[in-house]
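Engineer: Just so it is clear, I am handing over data.pdb, which has PDB, C-alpha atoms, pLDDT in the B column.
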```pdb
MODEL        1
ATOM      1  CA  ALA A   1     163.979 180.649  60.819  1.00 75.00           C
ATOM      2  CA  PRO A   2     165.239 183.525  58.666  1.00 84.00           C
ATOM      3  CA  GLU A   3     165.897 181.210  55.704  1.00 85.00           C
ATOM      4  CA  ALA A   4     162.310 179.973  55.709  1.00 85.00           C
ATOM      5  CA  LYS A   5     160.998 183.539  55.804  1.00 88.00           C
ATOM      6  CA  LYS A   6     163.218 184.522  52.888  1.00 91.00           C
ATOM      7  CA  PHE A   7     162.040 181.476  50.955  1.00 89.00           C
ATOM      8  CA  HIS A   8     158.407 182.339  51.742  1.00 91.00           C
ATOM      9  CA  GLN A   9     158.928 185.905  50.501  1.00 92.00           C
ATOM     10  CA  GLU A  10     160.594 184.642  47.326  1.00 93.00           C
ATOM     11  CA  MET A  11     157.679 182.274  46.659  1.00 89.00           C
ATOM     12  CA  LEU A  12     155.299 185.227  47.042  1.00 91.00           C
ATOM     13  CA  ARG A  13     157.371 187.403  44.666  1.00 92.00           C
ATOM     14  CA  GLU A  14     157.638 184.668  42.045  1.00 91.00           C
ATOM     15  CA  ALA A  15     153.920 183.865  42.182  1.00 88.00           C
ATOM     16  CA  SER A  16     153.036 187.535  41.909  1.00 90.00           C
ATOM     17  CA  SER A  17     155.396 188.342  39.043  1.00 93.00           C
ATOM     18  CA  ALA A  18     154.223 185.304  37.058  1.00 91.00           C
ATOM     19  CA  HIS A  19     150.553 186.032  37.833  1.00 91.00           C
ATOM     20  CA  TYR A  20     150.092 182.516  39.213  1.00 86.00           C
ATOM     21  CA  HIS A  21     146.879 181.614  40.948  1.00 85.00           C
ATOM     22  CA  THR A  22     148.165 180.366  44.289  1.00 85.00           C
ATOM     23  CA  SER A  23     147.046 180.034  47.876  1.00 86.00           C
ATOM     24  CA  ILE A  24     150.323 181.476  49.204  1.00 87.00           C
ATOM     25  CA  THR A  25     149.737 184.566  51.321  1.00 89.00           C
ATOM     26  CA  GLU A  26     151.764 186.664  53.729  1.00 89.00           C
ATOM     27  CA  ASN A  27     150.030 184.729  56.523  1.00 91.00           C
ATOM     28  CA  SER A  28     150.605 181.206  55.187  1.00 90.00           C
ATOM     29  CA  THR A  29     151.709 178.824  57.915  1.00 90.00           C
ATOM     30  CA  CYS A  30     154.750 176.589  57.626  1.00 88.00           C
ATOM     31  CA  SER A  31     152.451 173.594  57.165  1.00 91.00           C
ATOM     32  CA  GLU A  32     150.558 175.365  54.360  1.00 91.00           C
ATOM     33  CA  LEU A  33     153.829 176.292  52.653  1.00 89.00           C
ATOM     34  CA  CYS A  34     154.960 172.663  52.816  1.00 89.00           C
ATOM     35  CA  ASP A  35     151.698 171.556  51.166  1.00 90.00           C
ATOM     36  CA  ILE A  36     152.076 174.209  48.457  1.00 88.00           C
ATOM     37  CA  LEU A  37     155.709 173.287  47.861  1.00 87.00           C
ATOM     38  CA  LEU A  38     154.774 169.607  47.583  1.00 87.00           C
ATOM     39  CA  ALA A  39     152.145 170.548  44.991  1.00 87.00           C
ATOM     40  CA  TYR A  40     154.766 172.510  43.028  1.00 85.00           C
ATOM     41  CA  ILE A  41     157.197 169.591  43.158  1.00 85.00           C
ATOM     42  CA  TRP A  42     154.495 167.173  42.001  1.00 84.00           C
ATOM     43  CA  THR A  43     153.525 169.515  39.162  1.00 84.00           C
ATOM     44  CA  VAL A  44     157.069 169.872  37.761  1.00 82.00           C
ATOM     45  CA  THR A  45     157.899 166.182  38.125  1.00 82.00           C
ATOM     46  CA  GLY A  46     155.114 163.589  38.140  1.00 81.00           C
ATOM     47  CA  TRP A  47     152.320 165.598  36.546  1.00 82.00           C
ATOM     48  CA  HIS A  48     154.594 166.976  33.842  1.00 79.00           C
ATOM     49  CA  ARG A  49     155.785 163.457  33.113  1.00 78.00           C
ATOM     50  CA  HIS A  50     152.199 162.228  32.906  1.00 78.00           C
ATOM     51  CA  VAL A  51     150.916 164.911  30.531  1.00 78.00           C
ATOM     52  CA  GLY A  52     154.177 165.653  28.735  1.00 74.00           C
ATOM     53  CA  THR A  53     155.001 162.222  27.397  1.00 74.00           C
ATOM     54  CA  VAL A  54     153.462 162.701  23.970  1.00 73.00           C
ATOM     55  CA  GLY A  55     156.235 161.740  21.560  1.00 71.00           C
ATOM     56  CA  ASP A  56     154.423 158.613  20.371  1.00 73.00           C
ATOM     57  CA  TYR A  57     151.484 160.707  19.208  1.00 76.00           C
ATOM     58  CA  TYR A  58     153.700 162.688  16.877  1.00 76.00           C
ATOM     59  CA  LYS A  59     154.877 159.661  14.921  1.00 79.00           C
ATOM     60  CA  ASP A  60     151.771 159.894  12.776  1.00 84.00           C
ATOM     61  CA  PRO A  61     151.115 163.214  10.987  1.00 83.00           C
ATOM     62  CA  GLU A  62     147.455 162.211  10.620  1.00 85.00           C
ATOM     63  CA  LEU A  63     147.076 161.995  14.393  1.00 85.00           C
ATOM     64  CA  ALA A  64     149.035 164.930  15.778  1.00 82.00           C
ATOM     65  CA  SER A  65     151.236 167.724  14.490  1.00 83.00           C
ATOM     66  CA  PHE A  66     151.754 171.475  14.791  1.00 79.00           C
ATOM     67  CA  SER A  67     149.307 172.523  12.094  1.00 83.00           C
ATOM     68  CA  TRP A  68     147.126 171.398   9.257  1.00 82.00           C
ATOM     69  CA  LYS A  69     145.782 173.110   6.197  1.00 87.00           C
ATOM     70  CA  GLU A  70     142.024 173.310   6.397  1.00 90.00           C
ATOM     71  CA  GLY A  71     140.458 170.451   4.496  1.00 91.00           C
ATOM     72  CA  GLU A  72     143.547 168.209   4.644  1.00 89.00           C
ATOM     73  CA  SER A  73     143.585 165.141   6.894  1.00 87.00           C
ATOM     74  CA  PHE A  74     147.266 165.335   7.840  1.00 87.00           C
ATOM     75  CA  ALA A  75     150.014 167.827   8.508  1.00 87.00           C
ATOM     76  CA  ARG A  76     152.140 169.081   5.684  1.00 90.00           C
ATOM     77  CA  PRO A  77     155.680 167.627   5.587  1.00 89.00           C
ATOM     78  CA  LEU A  78     157.517 170.821   6.586  1.00 90.00           C
ATOM     79  CA  GLN A  79     155.339 171.459   9.650  1.00 88.00           C
ATOM     80  CA  HIS A  80     155.519 167.851  10.724  1.00 88.00           C
ATOM     81  CA  MET A  81     159.304 167.717  10.329  1.00 88.00           C
ATOM     82  CA  GLN A  82     159.665 170.923  12.369  1.00 88.00           C
ATOM     83  CA  MET A  83     157.526 169.441  15.127  1.00 84.00           C
ATOM     84  CA  SER A  84     159.416 166.143  15.012  1.00 83.00           C
ATOM     85  CA  THR A  85     162.732 167.971  15.318  1.00 85.00           C
ATOM     86  CA  ILE A  86     161.518 169.872  18.384  1.00 82.00           C
ATOM     87  CA  ALA A  87     160.193 166.631  19.907  1.00 79.00           C
ATOM     88  CA  VAL A  88     163.581 164.932  19.441  1.00 79.00           C
ATOM     89  CA  PHE A  89     165.588 167.757  20.983  1.00 79.00           C
ATOM     90  CA  THR A  90     163.270 168.206  23.956  1.00 76.00           C
ATOM     91  CA  SER A  91     163.088 164.513  24.810  1.00 76.00           C
ATOM     92  CA  ALA A  92     166.731 163.799  25.613  1.00 77.00           C
ATOM     93  CA  PRO A  93     167.271 161.642  28.718  1.00 80.00           C
ATOM     94  CA  GLN A  94     167.280 163.729  31.892  1.00 84.00           C
ATOM     95  CA  PRO A  95     168.254 163.018  35.517  1.00 89.00           C
ATOM     96  CA  LYS A  96     165.658 160.925  37.312  1.00 90.00           C
ATOM     97  CA  LEU A  97     163.925 161.831  40.555  1.00 89.00           C
ATOM     98  CA  ILE A  98     165.295 158.795  42.373  1.00 93.00           C
ATOM     99  CA  GLU A  99     168.971 159.571  41.676  1.00 94.00           C
ATOM    100  CA  ASP A 100     171.468 160.677  44.329  1.00 95.00           C
ATOM    101  CA  TYR A 101     171.635 164.462  44.588  1.00 95.00           C
ATOM    102  CA  SER A 102     173.644 164.579  47.824  1.00 96.00           C
ATOM    103  CA  HIS A 103     176.319 166.687  46.090  1.00 95.00           C
ATOM    104  CA  VAL A 104     173.803 169.566  45.973  1.00 93.00           C
ATOM    105  CA  PHE A 105     173.762 169.732  49.763  1.00 93.00           C
ATOM    106  CA  LYS A 106     177.516 169.654  50.371  1.00 94.00           C
ATOM    107  CA  GLY A 107     178.593 172.635  52.418  1.00 94.00           C
ATOM    108  CA  VAL A 108     175.095 174.009  53.044  1.00 93.00           C
ATOM    109  CA  TYR A 109     173.672 175.025  56.389  1.00 90.00           C
ATOM    110  CA  LYS A 110     172.542 171.899  58.292  1.00 92.00           C
ATOM    111  CA  GLU A 111     174.197 169.647  55.730  1.00 95.00           C
ATOM    112  CA  GLU A 112     173.757 166.457  57.770  1.00 96.00           C
ATOM    113  CA  GLU A 113     170.038 167.078  58.342  1.00 95.00           C
ATOM    114  CA  MET A 114     169.573 167.813  54.634  1.00 94.00           C
ATOM    115  CA  LEU A 115     171.402 164.636  53.627  1.00 96.00           C
ATOM    116  CA  GLN A 116     169.328 162.575  56.071  1.00 97.00           C
ATOM    117  CA  ALA A 117     166.115 164.072  54.672  1.00 95.00           C
ATOM    118  CA  LEU A 118     167.296 163.320  51.132  1.00 94.00           C
ATOM    119  CA  GLU A 119     168.114 159.699  51.991  1.00 96.00           C
ATOM    120  CA  SER A 120     164.742 159.275  53.694  1.00 96.00           C
ATOM    121  CA  PHE A 121     163.053 160.717  50.601  1.00 94.00           C
ATOM    122  CA  ARG A 122     165.014 158.423  48.297  1.00 96.00           C
ATOM    123  CA  ALA A 123     164.150 155.403  50.471  1.00 97.00           C
ATOM    124  CA  ASP A 124     160.472 156.333  50.113  1.00 96.00           C
ATOM    125  CA  LEU A 125     160.931 156.694  46.346  1.00 95.00           C
ATOM    126  CA  HIS A 126     162.440 153.197  46.174  1.00 97.00           C
ATOM    127  CA  LYS A 127     159.406 151.829  48.044  1.00 97.00           C
ATOM    128  CA  VAL A 128     157.091 153.578  45.582  1.00 95.00           C
ATOM    129  CA  SER A 129     159.073 152.213  42.641  1.00 96.00           C
ATOM    130  CA  ASP A 130     158.973 148.678  44.097  1.00 97.00           C
ATOM    131  CA  GLU A 131     155.200 148.923  44.582  1.00 96.00           C
ATOM    132  CA  ILE A 132     154.732 150.130  40.995  1.00 94.00           C
ATOM    133  CA  GLY A 133     156.808 147.164  39.834  1.00 94.00           C
ATOM    134  CA  LYS A 134     154.629 144.717  41.812  1.00 94.00           C
ATOM    135  CA  ARG A 135     151.432 146.262  40.468  1.00 93.00           C
ATOM    136  CA  ASN A 136     152.770 146.146  36.934  1.00 93.00           C
ATOM    137  CA  GLU A 137     153.511 142.429  37.303  1.00 92.00           C
ATOM    138  CA  MET A 138     149.866 141.921  38.290  1.00 91.00           C
ATOM    139  CA  ARG A 139     148.700 144.104  35.400  1.00 90.00           C
ATOM    140  CA  LEU A 140     150.638 142.065  32.868  1.00 90.00           C
ATOM    141  CA  THR A 141     149.099 138.802  34.088  1.00 89.00           C
ATOM    142  CA  SER A 142     145.562 140.190  34.247  1.00 86.00           C
ATOM    143  CA  PRO A 143     143.441 139.551  31.142  1.00 84.00           C
ATOM    144  CA  GLU A 144     141.489 142.743  31.870  1.00 84.00           C
ATOM    145  CA  MET A 145     144.569 144.951  31.873  1.00 82.00           C
ATOM    146  CA  GLY A 146     147.626 143.585  30.102  1.00 81.00           C
ATOM    147  CA  PHE A 147     149.722 146.751  30.200  1.00 84.00           C
ATOM    148  CA  LYS A 148     152.299 148.426  32.403  1.00 87.00           C
ATOM    149  CA  ASN A 149     151.935 151.921  33.812  1.00 86.00           C
ATOM    150  CA  VAL A 150     155.278 153.539  34.651  1.00 84.00           C
ATOM    151  CA  HIS A 151     154.383 157.224  34.446  1.00 82.00           C
ATOM    152  CA  ALA A 152     154.724 157.713  38.218  1.00 86.00           C
ATOM    153  CA  ASP A 153     157.744 155.454  38.743  1.00 91.00           C
ATOM    154  CA  PRO A 154     160.531 157.516  40.361  1.00 91.00           C
ATOM    155  CA  LYS A 155     163.037 155.570  38.243  1.00 92.00           C
ATOM    156  CA  ILE A 156     161.359 157.060  35.155  1.00 88.00           C
ATOM    157  CA  VAL A 157     160.159 160.496  36.350  1.00 87.00           C
ATOM    158  CA  GLU A 158     162.620 163.311  35.663  1.00 84.00           C
ATOM    159  CA  CYS A 159     163.582 165.680  38.465  1.00 83.00           C
ATOM    160  CA  SER A 160     162.298 168.693  36.501  1.00 71.00           C
ATOM    161  CA  VAL A 161     160.088 169.710  33.621  1.00 61.00           C
ATOM    162  CA  ALA A 162     162.600 168.092  31.292  1.00 56.00           C
ATOM    163  CA  VAL A 163     160.256 165.714  29.447  1.00 49.00           C
TER     164      VAL A 163
ENDMDL
END
```
Represent the structure of the file as structure tokens.
Structural biologist:
Amino acid sequence: APEAKKFHQEMLREASSAHYHTSITENSTCSELCDILLAYIWTVTGWHRHVGTVGDYYKDPELASFSWKEGESFARPLQHMQMSTIAVFTSAPQPKLIEDYSHVFKGVYKEEEMLQALESFRADLHKVSDEIGKRNEMRLTSPEMGFKNVHADPKIVECSVAV
């Protein structure tokens, strides 16, 4: 399809201009492009959520901050306040992956197929979220664990790198 070819070319241009290391080539198959696109989506949603949720670390200037003066065991107040301010403004609530984005597909080519794919995806996300909930219930009752893990829950994961 012409749209897929245009998208493939755009992915190549973007990867090249950003100097990304990628396996996309002129000869990538549709299946390979789907795998690459899935990796991109995972990186800007789930992985970013996993590694980008660091606000708790910055509560303590002795644990984490932007900078320290050599020989001091904690950040200076100005540097820590600057970092705290950035953390606050970059951690505002953002749209979640599991939300309904059907409005994005209104009026596009093959709208019905797109909406069906979106609903199928969202149904899968709800199953994942339910499974995470069940596992967390077991974790909380297990003496070896005793904690919840929600980093991959689609109800928590933002739909972008908006952590």
Engineer: With 12 Å as the threshold, what does the neighbourhood of (166.9, 162.0, 30.7) contain in terms of residues, counting all atoms listed in the file? Coordinates are those of the file; answer as an MDAnalysis selection string.
Structural biologist: chainID A and resid 49 89:97 99 155:163
Engineer: May I have the residues within 7 Å of stretch 60-66 of chain A as a count of residues only, using all atoms listed in the file and disregarding those fewer than 6 positions away in the same chain?
Structural biologist: 6
Engineer: Might you pull out every residue within 10 Å of stretch 125-127 of chain A, with all atoms listed in the file counted and same-chain residues fewer than 5 positions away left off, and present them as a list in words?
Structural biologist: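 In the requested format, the answer is Leu97, Ile98, Glu99, Glu119, Ser120, Ile132, Gly133, Asp153, Pro154 and Lys155 of chain A.
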Engineer: Generate the output file for the selected residues, C-alpha atoms, as a tab-separated table (two decimals), in the coordinates of the input.
Structural biologist:
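The file below, result-v6.tsv, is the result:
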```tsv
chain	number	residue	atom	x	y	z
A	97	LEU	CA	163.92	161.83	40.56
A	98	ILE	CA	165.30	158.79	42.37
A	99	GLU	CA	168.97	159.57	41.68
A	119	GLU	CA	168.11	159.70	51.99
A	120	SER	CA	164.74	159.28	53.69
A	132	ILE	CA	154.73	150.13	41.00
A	133	GLY	CA	156.81	147.16	39.83
A	153	ASP	CA	157.74	155.45	38.74
A	154	PRO	CA	160.53	157.52	40.36
A	155	LYS	CA	163.04	155.57	38.24
```
Engineer: Around (149.9, 185.4, 51.1) in the file's frame, which residues reach within 10 Å when counting all atoms listed in the file? Return as a list in words?
Structural biologist: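 Answer for this query, in the requested form: His8, Gln9, Met11, Leu12, Ala15, Ser16, Thr22, Ser23, Ile24, Thr25, Glu26, Asn27, Ser28 and Thr29 of chain A.
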Engineer: I need the residue nearest A:Ile86 from this list: A:Ala39, A:Val104, A:Tyr58, A:His21. Use all atoms listed in the file for the distance.
Structural biologist: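 When distances to A:Ile86 are compared using all atoms listed in the file, the smallest one comes from A:Tyr58.
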Engineer: Could you jot down the atom CA of A:Ile36 to atom CA of A:Phe121 separation for me, Å, one decimal place?
Structural biologist: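 Spanning atom CA of A:Ile36 to atom CA of A:Phe121 is a straight-line distance of 17.5 Å.
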Engineer: Point out the residue among A:His19, A:Arg139, A:His151, A:His103 with the least atom-to-atom distance to A:His50, counting all atoms listed in the file.
Structural biologist: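 Using all atoms listed in the file, the shortest distance to A:His50 belongs to A:His151.
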Engineer: Looking at all atoms listed in the file, which of A:Ser84, A:Gln116, A:Ser31, A:Ser17 is the one that sits closest to A:Val54?
Structural biologist: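 Counting all atoms listed in the file, the residue closest to A:Val54 is A:Ser84.
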Engineer: In Å, rounded to a single decimal, give me how far atom CA of A:Lys148 is from atom CA of A:Thr53.
Structural biologist: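 Atom-to-atom, atom CA of A:Thr53 to atom CA of A:Lys148, that is 14.9 Å.
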Engineer: Take atom CA of A:Met81 and atom CA of A:Lys69 and report the distance between them in Å, one decimal.
Structural biologist: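 These atoms are spaced 15.1 Å apart.
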